[in-house]
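Q: Before we start, here is the structure in question, set down as structure tokens.
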Amino acid sequence: MTINISGPGPNSIIAIPPPGYFDNYSGPANPACFLHFFSAQHWGGQSFTTIQKYNLASVELWIKKGPGANVGNVNVELRAVDGSGHPTGPPLNSGVIPNADISEDYAWVSCDLDDMRLTTYQLDAATKFCIVVNGLGFTVVHLLKWACGGDGSDYPNGDQEWSVNGGVAWSTDNTRDQLFRCYPTPWLDNYSGTALGFLALNLNSANDWAGQSFTAMKSYTLNRIDMWLDKGPGDNVGNIIVALYDVDGNGHPDIAGGALATGIIPDVDVLESPSWVRCDMSQFNVVVDTKYCNVVHGYSLDASNVLTWCHDNYAGSSDFAGGDLEWSTDGGGAWSTTTTSDLLFRCYSA
């Protein structure tokens, strides 16, 4: 790997960056400053310290490839950092930029991290992470360049990282920063699963109620909840009631306290194969670090008209912190908790 910082002074790539991204270093950039990948052993990174808590959906990099190059699939990874600020451990999330998406001129190139049906990694506030780039297709003929600013560190609480032995050992340059942008998901509190092949919680009676509790990651105005639902072949589940409740001292939905927000999913919106189903809710201001529960039931449900809310018992333990699966067989009168599974849901803000 080579690093070149000679040449003219830095220039601003975009004078007024478009909205939508959170943590980022968008320039100014020195056109003669870049990480130069021409071996599969060349790995590059940029560390950053989060400005707030959010779910990371995608990353943009200011990159280009050499004339006529085919760099193959470029891996983009989110990793934790060790005590020295270097990338460490397995990827927390990852994605791929195909060769076809990279031009021979510098441009912002987007990379989605993981399949959007599955878990996007939640970044805690004021926590340091590192974006790592590598690829098996890099050679002296098929090379990649990731631009940086080389006029002294313009980006606080993050640095350029590079390795020439496939990520075994890392070096830091605190005078240079790679150009990157982190984009959040449109949803906030969520459990989107960790593996395909979800299990099914079947609601086959008007007395079957299901819920998923969660602890709000921030204060916001909730106005929509999506759930991973399906119904049986030919079934008509009628109108599905979705409601947000406080929880009682045992963590169960506080039905007696009344719904905080409500919405309806019509039968036509529920498919016969699992998918994210949207429910627009009456607005409610959730409060950070407060526990709530999303509850689903339907008055038309019976043995011939069954609604399924998918859940994940990955490795037999709960992967979702701050909430649990709740279920009732008497119309919300008495509730039971399953701590080893979590129903798939996503909460959106107005």
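We label chains A, B, ... in the order they appear in the structure tokens, count residues from 1 in each chain, and number ligands from 1 in the order shown.
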Fewer than 4 positions away in the same chain doesn't count, so skip those; otherwise give me all residues within 10 Å of A:Asn75, counting only C-alpha atoms, as a list in words.

A: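 Result of the neighbour search: Trp43, Ser94, Gly95, Val96, Ile97, Pro98, Cys111, Val132, Val133, Asn134, Gly135 and Leu136 of chain A.
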
Q: Excluding A:Phe214 and any residue of its chain fewer than 5 positions from it, enumerate the residues within 12 Å of it, using only C-alpha atoms, and give them as number ranges by chain.

A: A: 188-191, 244-247, 251-253, 286-295, 320-326, 342-347

Q: For stretch 21-44 of chain A versus stretch 125-130 of chain A, which residues have an atom no more than 12 Å away, and what is each residue's nearest atom pair and distance in Å rounded to one decimal, using only C-alpha atoms, chain-then-number order, as a Markdown table?

A:
```
| residue | atom | partner | partner_atom | distance |
| --- | --- | --- | --- | --- |
| A:Phe22 | CA | A:Ala125 | CA | 11.6 |
| A:Asp23 | CA | A:Phe129 | CA | 10.7 |
| A:Asn24 | CA | A:Cys130 | CA | 11.8 |
| A:Gly44 | CA | A:Cys130 | CA | 9.8 |
```

Q: What's around stretch 102-107 of chain A at 9 Å? Count only C-alpha atoms, leave out sequence neighbours fewer than 5 positions away in its own chain, and write the answer as a PyMOL selection string.

A: chain A and resi 61-69+71+97+145-147

Q: If DSSP is run on the backbone, what residues of stretch 97-294 of chain A are strand (DSSP E or B)? A reply as an MDAnalysis selection string would be ideal.

A: chainID A and resid 97 107:112 122:123 128:134 144:149 160:163 171:173 177:178 180:184 187:191 199:203 209:215 220:231 240:247 253 261:265 275:286 291:294

Q: Out of stretch 124-344 of chain A, which residues get helix (DSSP H, G or I) from DSSP, as a list in words?

A: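 Taking stretch 124-344 of chain A and keeping helix (DSSP H, G or I) gives Ile255, Ala256, Gly257, Asp267, Val268, Asp269, Tyr314, Ala315 and Gly316 of chain A.
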
Q: Just the selected residues (C-alpha atoms), exported as a PDB file, in the first residue's frame, please.

A:
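The resulting again-v4.pdb:
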```pdb
ATOM      1  CA  ILE A 255     -53.742  -3.063  28.698  1.00  0.00           C
ATOM      2  CA  ALA A 256     -55.701  -1.539  31.592  1.00  0.00           C
ATOM      3  CA  GLY A 257     -53.831   1.722  31.103  1.00  0.00           C
ATOM      4  CA  ASP A 267     -56.372  -8.121   5.349  1.00  0.00           C
ATOM      5  CA  VAL A 268     -55.300  -7.161   1.813  1.00  0.00           C
ATOM      6  CA  ASP A 269     -51.965  -5.832   3.134  1.00  0.00           C
ATOM      7  CA  TYR A 314     -31.318 -17.444  17.063  1.00  0.00           C
ATOM      8  CA  ALA A 315     -28.970 -19.696  19.070  1.00  0.00           C
ATOM      9  CA  GLY A 316     -31.788 -20.161  21.569  1.00  0.00           C
TER      10      GLY A 316
END
```

Q: Find the nearest atom pair between each residue of stretch 173-232 of chain A and stretch 329-334 of chain A for residues within 10 Å, count only C-alpha atoms, give distances in Å to one decimal, sort rows by chain and ascending number, and present the table as CSV.

A:
```
residue,atom,partner,partner_atom,distance
A:Leu203,CA,A:Thr329,CA,9.1
A:Asn204,CA,A:Thr329,CA,9.9
A:Ser205,CA,A:Thr329,CA,8.2
A:Ala206,CA,A:Gly331,CA,7.0
A:Asn207,CA,A:Gly331,CA,4.1
A:Asp208,CA,A:Thr329,CA,4.6
A:Trp209,CA,A:Gly331,CA,6.0
A:Ala210,CA,A:Gly332,CA,8.6
A:Gly211,CA,A:Gly332,CA,9.8
```

Q: Let me make sure I understand: among A:Glu272, A:Asp254, A:Asp248, A:Asp280, which one has the smallest atom-to-atom distance to A:Asp230 if we use only C-alpha atoms?

A: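 Comparing A:Glu272, A:Asp254, A:Asp248, A:Asp280 against A:Asp230, the winner is A:Glu272.
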
Q: Need to verify the contact set: A:Asn55, 6 Å, only C-alpha atoms, exclusion of same-chain residues closer than 5 positions in sequence. Can you return it as a list of chain:residue names?

A: A:Tyr121, A:Gln122, A:Leu123, A:Pro184, A:Thr185

Q: Name the residues in contact with A:Ile241 at a cut-off of 10 Å, using only C-alpha atoms, excluding same-chain residues fewer than 4 positions from it; report them as a PyMOL selection string.

A: chain A and resi 209+262-266+279+295-299

Q: Calculated over only C-alpha atoms, which of the candidates A:Ser39, A:Ser349, A:Ser328, A:Ser26 has the smallest distance to A:Gln212?

A: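 Checking each of A:Ser39, A:Ser349, A:Ser328, A:Ser26 against A:Gln212, counting only C-alpha atoms, the winner is A:Ser328.
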
Q: Of the candidates A:Gly150, A:Gly72, A:Gly166, A:Gly258, which one gets nearest to A:Asn30 if we count only C-alpha atoms?

A: A:Gly150

Q: Would you work out the distance separating atom CA of A:Leu260 from atom CA of A:Ala243, expressed in Å to one decimal?

A: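 Atom-to-atom, atom CA of A:Leu260 and atom CA of A:Ala243 are spaced 7.2 Å apart.
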
Q: Please provide as a list of chain:residue names all residues within 7 Å of stretch 82-89 of chain A, with the sequence filter that same-chain residues fewer than 2 positions apart are discarded (counting only C-alpha atoms).

A: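 That gives A:Arg79, A:Ala80, A:Pro91, A:Cys130, A:Glu161, A:Trp170.
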